[in-house]
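Visitor: Handing you a structure now.
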Amino acid sequence: MKQDYTEAAKLLQQYVEQHNLRVSYERGVILKTMCEQDQALSSTELVEAVKQHNISRATVFNTLKLLLSAQIISPVQARTADKTRRYELNTGRRGSRIEVVCIKCGRITQSTDKVVETQLYGKRWRNFNISGFTVYVYGECKHCRALTARNKK
Ligand SMILES: [Zn+2]
């Protein structure tokens, strides 16, 4: 998402200025890569995704730590079989988010649903003002479904 990157880059800029750091080329590339994916990435997947830019594993790990401290990303809390920690952006659709989680491979994609959104924001919450939500939808992705079908033959 392009607007996610603009917002996230601005937040990163503010954070590094406050902490006397700098926005290095590598940090920029890592953040941009995370914004361009339509799924939440694990650190290993991120290392793989930025390999072509000659960015080391250590830089990816340090940048993830920085982005977590700056609250630009969060770990996804979904239950998956592979127990891999994946990260997602807090920007853009932060308010209302639907995570579609494959329980077999752990792949997480983000989705939206106007009906769910309208229901949750429209509901009268007792002594509570709703500002956002996360819904996890569990199941099997198309890759895992194809694998299961092939193994049955
Ligand atoms: Zn899967």
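Ligands are numbered from 1 in the order shown, residues from 1 within each chain, and chains are lettered A, B, ... in the order they appear in the structure tokens.
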May I have all residues of range 9-151 of chain A that DSSP, computed from the backbone, assigns to strand (DSSP E), given as a PyMOL selection string?
Guide: chain A and resi 41-42+73-75+86-89+96-102+108-111+133-139
Visitor: With C-alpha atoms retained, write the just-selected residues as a PDB file, in the first residue's frame.
Guide:
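Once written, selection_5.pdb looks like this:
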```
ATOM      1  CA  LEU A  41       6.202 -11.096   7.044  1.00  0.00           C
ATOM      2  CA  SER A  42       8.388 -12.981   9.481  1.00  0.00           C
ATOM      3  CA  ILE A  73       4.890  -2.298  13.266  1.00  0.00           C
ATOM      4  CA  SER A  74       3.436  -4.886  15.670  1.00  0.00           C
ATOM      5  CA  PRO A  75       3.789  -8.632  15.953  1.00  0.00           C
ATOM      6  CA  ARG A  86       5.115 -12.187  11.828  1.00  0.00           C
ATOM      7  CA  TYR A  87       4.961  -8.417  11.734  1.00  0.00           C
ATOM      8  CA  GLU A  88       2.442  -6.016  10.322  1.00  0.00           C
ATOM      9  CA  LEU A  89       2.217  -2.258   9.915  1.00  0.00           C
ATOM     10  CA  SER A  96     -10.145  -1.855  11.391  1.00  0.00           C
ATOM     11  CA  ARG A  97      -8.248  -4.901  10.390  1.00  0.00           C
ATOM     12  CA  ILE A  98      -9.163  -8.414   9.413  1.00  0.00           C
ATOM     13  CA  GLU A  99      -6.343 -10.955   9.348  1.00  0.00           C
ATOM     14  CA  VAL A 100      -6.892 -14.075   7.270  1.00  0.00           C
ATOM     15  CA  VAL A 101      -4.658 -16.745   8.797  1.00  0.00           C
ATOM     16  CA  CYS A 102      -3.709 -20.131   7.329  1.00  0.00           C
ATOM     17  CA  ILE A 108      -1.373 -14.102   6.965  1.00  0.00           C
ATOM     18  CA  THR A 109      -3.078 -11.745   4.532  1.00  0.00           C
ATOM     19  CA  GLN A 110      -5.117  -8.688   5.356  1.00  0.00           C
ATOM     20  CA  SER A 111      -8.647  -8.161   4.273  1.00  0.00           C
ATOM     21  CA  PHE A 133     -10.560  -3.854  16.044  1.00  0.00           C
ATOM     22  CA  THR A 134      -8.675  -6.905  14.835  1.00  0.00           C
ATOM     23  CA  VAL A 135     -10.533  -9.972  13.630  1.00  0.00           C
ATOM     24  CA  TYR A 136      -8.659 -13.208  12.945  1.00  0.00           C
ATOM     25  CA  VAL A 137     -10.162 -15.537  10.365  1.00  0.00           C
ATOM     26  CA  TYR A 138      -8.642 -19.038  10.476  1.00  0.00           C
ATOM     27  CA  GLY A 139      -8.562 -21.637   7.735  1.00  0.00           C
TER      28      GLY A 139
END
```
Visitor: Show me a table, sorted first by chain and then by increasing residue number, of the residues of chain A having an atom at most 8 Å from ligand 1, each with its shortest atom pair and the distance in Å to one decimal, counting only C-alpha atoms and all ligand atoms and written as JSON lines.
Guide:
```
{"residue": "A:Cys102", "atom": "CA", "partner": "ligand 1", "partner_atom_place_in_ligand_line": "1 (Zn)", "distance": 4.7}
{"residue": "A:Ile103", "atom": "CA", "partner": "ligand 1", "partner_atom_place_in_ligand_line": "1 (Zn)", "distance": 6.6}
{"residue": "A:Lys104", "atom": "CA", "partner": "ligand 1", "partner_atom_place_in_ligand_line": "1 (Zn)", "distance": 5.0}
{"residue": "A:Cys105", "atom": "CA", "partner": "ligand 1", "partner_atom_place_in_ligand_line": "1 (Zn)", "distance": 4.1}
{"residue": "A:Gly106", "atom": "CA", "partner": "ligand 1", "partner_atom_place_in_ligand_line": "1 (Zn)", "distance": 6.1}
{"residue": "A:Arg107", "atom": "CA", "partner": "ligand 1", "partner_atom_place_in_ligand_line": "1 (Zn)", "distance": 5.7}
{"residue": "A:Glu140", "atom": "CA", "partner": "ligand 1", "partner_atom_place_in_ligand_line": "1 (Zn)", "distance": 5.3}
{"residue": "A:Cys141", "atom": "CA", "partner": "ligand 1", "partner_atom_place_in_ligand_line": "1 (Zn)", "distance": 4.2}
{"residue": "A:Lys142", "atom": "CA", "partner": "ligand 1", "partner_atom_place_in_ligand_line": "1 (Zn)", "distance": 6.6}
{"residue": "A:His143", "atom": "CA", "partner": "ligand 1", "partner_atom_place_in_ligand_line": "1 (Zn)", "distance": 5.6}
{"residue": "A:Cys144", "atom": "CA", "partner": "ligand 1", "partner_atom_place_in_ligand_line": "1 (Zn)", "distance": 4.3}
{"residue": "A:Arg145", "atom": "CA", "partner": "ligand 1", "partner_atom_place_in_ligand_line": "1 (Zn)", "distance": 7.3}
```
Visitor: Take CA of Asn90 in chain A and CA of Ala8 in chain A and report the distance between them in Å, one decimal.
Guide: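 For CA of Asn90 in chain A relative to CA of Ala8 in chain A, the distance reads 8.3 Å.
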Visitor: Could you pull out all residues of range 54-128 of chain A with a DSSP call of alpha helix (DSSP H) and give them as a VMD selection string?
Guide: chain A and resid 57 to 69 114 to 122
Visitor: Dump N, CA and C atoms for the selected residues as a PDB file, in the first residue's frame?
Guide:
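selection29.pdb written:
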```
ATOM      1  N   ARG A  57      21.266  -9.829   7.428  1.00  0.00           N
ATOM      2  CA  ARG A  57      20.327 -10.361   8.398  1.00  0.00           C
ATOM      3  C   ARG A  57      20.311  -9.489   9.663  1.00  0.00           C
ATOM      4  N   ALA A  58      21.512  -9.098  10.100  1.00  0.00           N
ATOM      5  CA  ALA A  58      21.625  -8.288  11.320  1.00  0.00           C
ATOM      6  C   ALA A  58      20.913  -6.946  11.152  1.00  0.00           C
ATOM      7  N   THR A  59      21.050  -6.343   9.969  1.00  0.00           N
ATOM      8  CA  THR A  59      20.386  -5.065   9.707  1.00  0.00           C
ATOM      9  C   THR A  59      18.871  -5.229   9.745  1.00  0.00           C
ATOM     10  N   VAL A  60      18.384  -6.343   9.173  1.00  0.00           N
ATOM     11  CA  VAL A  60      16.936  -6.599   9.196  1.00  0.00           C
ATOM     12  C   VAL A  60      16.460  -6.724  10.645  1.00  0.00           C
ATOM     13  N   PHE A  61      17.186  -7.485  11.449  1.00  0.00           N
ATOM     14  CA  PHE A  61      16.777  -7.680  12.847  1.00  0.00           C
ATOM     15  C   PHE A  61      16.813  -6.364  13.627  1.00  0.00           C
ATOM     16  N   ASN A  62      17.872  -5.577  13.418  1.00  0.00           N
ATOM     17  CA  ASN A  62      17.969  -4.288  14.103  1.00  0.00           C
ATOM     18  C   ASN A  62      16.859  -3.340  13.682  1.00  0.00           C
ATOM     19  N   THR A  63      16.548  -3.362  12.388  1.00  0.00           N
ATOM     20  CA  THR A  63      15.497  -2.472  11.891  1.00  0.00           C
ATOM     21  C   THR A  63      14.136  -2.891  12.438  1.00  0.00           C
ATOM     22  N   LEU A  64      13.891  -4.206  12.510  1.00  0.00           N
ATOM     23  CA  LEU A  64      12.624  -4.672  13.086  1.00  0.00           C
ATOM     24  C   LEU A  64      12.493  -4.185  14.526  1.00  0.00           C
ATOM     25  N   LYS A  65      13.579  -4.264  15.266  1.00  0.00           N
ATOM     26  CA  LYS A  65      13.575  -3.819  16.661  1.00  0.00           C
ATOM     27  C   LYS A  65      13.242  -2.325  16.743  1.00  0.00           C
ATOM     28  N   LEU A  66      13.862  -1.565  15.850  1.00  0.00           N
ATOM     29  CA  LEU A  66      13.631  -0.113  15.787  1.00  0.00           C
ATOM     30  C   LEU A  66      12.174   0.200  15.431  1.00  0.00           C
ATOM     31  N   LEU A  67      11.650  -0.510  14.424  1.00  0.00           N
ATOM     32  CA  LEU A  67      10.268  -0.262  13.988  1.00  0.00           C
ATOM     33  C   LEU A  67       9.268  -0.652  15.074  1.00  0.00           C
ATOM     34  N   LEU A  68       9.618  -1.689  15.859  1.00  0.00           N
ATOM     35  CA  LEU A  68       8.755  -2.086  16.985  1.00  0.00           C
ATOM     36  C   LEU A  68       8.780  -1.008  18.064  1.00  0.00           C
ATOM     37  N   SER A  69       9.966  -0.502  18.405  1.00  0.00           N
ATOM     38  CA  SER A  69      10.080   0.553  19.422  1.00  0.00           C
ATOM     39  C   SER A  69       9.353   1.811  18.986  1.00  0.00           C
ATOM     40  N   LYS A 114     -16.742  -4.421   4.909  1.00  0.00           N
ATOM     41  CA  LYS A 114     -17.593  -3.291   5.295  1.00  0.00           C
ATOM     42  C   LYS A 114     -18.670  -3.692   6.295  1.00  0.00           C
ATOM     43  N   VAL A 115     -19.214  -4.904   6.130  1.00  0.00           N
ATOM     44  CA  VAL A 115     -20.295  -5.352   7.016  1.00  0.00           C
ATOM     45  C   VAL A 115     -19.792  -5.505   8.457  1.00  0.00           C
ATOM     46  N   VAL A 116     -18.642  -6.179   8.596  1.00  0.00           N
ATOM     47  CA  VAL A 116     -18.050  -6.370   9.927  1.00  0.00           C
ATOM     48  C   VAL A 116     -17.738  -5.009  10.549  1.00  0.00           C
ATOM     49  N   GLU A 117     -17.144  -4.132   9.744  1.00  0.00           N
ATOM     50  CA  GLU A 117     -16.779  -2.797  10.198  1.00  0.00           C
ATOM     51  C   GLU A 117     -17.999  -2.021  10.702  1.00  0.00           C
ATOM     52  N   THR A 118     -19.053  -2.014   9.890  1.00  0.00           N
ATOM     53  CA  THR A 118     -20.273  -1.303  10.245  1.00  0.00           C
ATOM     54  C   THR A 118     -20.880  -1.870  11.528  1.00  0.00           C
ATOM     55  N   GLN A 119     -20.861  -3.193  11.641  1.00  0.00           N
ATOM     56  CA  GLN A 119     -21.422  -3.851  12.829  1.00  0.00           C
ATOM     57  C   GLN A 119     -20.675  -3.457  14.099  1.00  0.00           C
ATOM     58  N   LEU A 120     -19.336  -3.542  14.045  1.00  0.00           N
ATOM     59  CA  LEU A 120     -18.554  -3.283  15.255  1.00  0.00           C
ATOM     60  C   LEU A 120     -18.568  -1.811  15.645  1.00  0.00           C
ATOM     61  N   TYR A 121     -18.452  -0.925  14.641  1.00  0.00           N
ATOM     62  CA  TYR A 121     -18.478   0.508  14.962  1.00  0.00           C
ATOM     63  C   TYR A 121     -19.898   0.965  15.306  1.00  0.00           C
ATOM     64  N   GLY A 122     -20.891   0.301  14.749  1.00  0.00           N
ATOM     65  CA  GLY A 122     -22.270   0.694  14.982  1.00  0.00           C
ATOM     66  C   GLY A 122     -22.826   0.190  16.309  1.00  0.00           C
TER      67      GLY A 122
END
```
Visitor: Which value, in Å to one decimal, gives the distance between CA of Gln39 in chain A and CA of Thr6 in chain A?
Guide: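 If I compute the distance from CA of Gln39 in chain A to CA of Thr6 in chain A, I get 18.1 Å.
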Visitor: Can you measure CA of Tyr5 in chain A to CA of Cys35 in chain A for me? One decimal in Å is fine.
Guide: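 Distance reported for this atom pair: 5.6 Å.
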Visitor: Excluding Thr33 in chain A and any residue of its chain fewer than 4 positions from it, enumerate the residues within 10 Å of it, using only C-alpha atoms, and give them as an MDAnalysis selection string.
Guide: chainID A and resid 5 27:29 37 41 46 49:50
Visitor: Near range 11-22 of chain A, counting only C-alpha atoms, which residues have an atom at most 8 Å away, once you skip same-chain residues fewer than 4 positions from it, shown as a list of chain:residue names?
Guide: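 Once the nearby chain positions are removed, what remains is A:Glu7, A:Leu67, A:Ala70, A:Ile72.
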Visitor: Store the residues of this selection in a file with N, CA and C atoms, as a CSV table (one decimal), in the first residue's frame.
Guide:
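Result written to selection23.csv:
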```
chain,number,residue,atom,x,y,z
A,7,GLU,N,2.9,7.3,5.1
A,7,GLU,CA,2.6,7.5,6.6
A,7,GLU,C,3.7,6.9,7.4
A,67,LEU,N,11.7,-0.5,14.4
A,67,LEU,CA,10.3,-0.3,14.0
A,67,LEU,C,9.3,-0.7,15.1
A,70,ALA,N,9.4,2.1,17.7
A,70,ALA,CA,8.7,3.3,17.2
A,70,ALA,C,7.3,3.1,17.0
A,72,ILE,N,5.8,1.4,14.8
A,72,ILE,CA,5.3,1.5,13.4
A,72,ILE,C,4.8,0.1,12.9
```
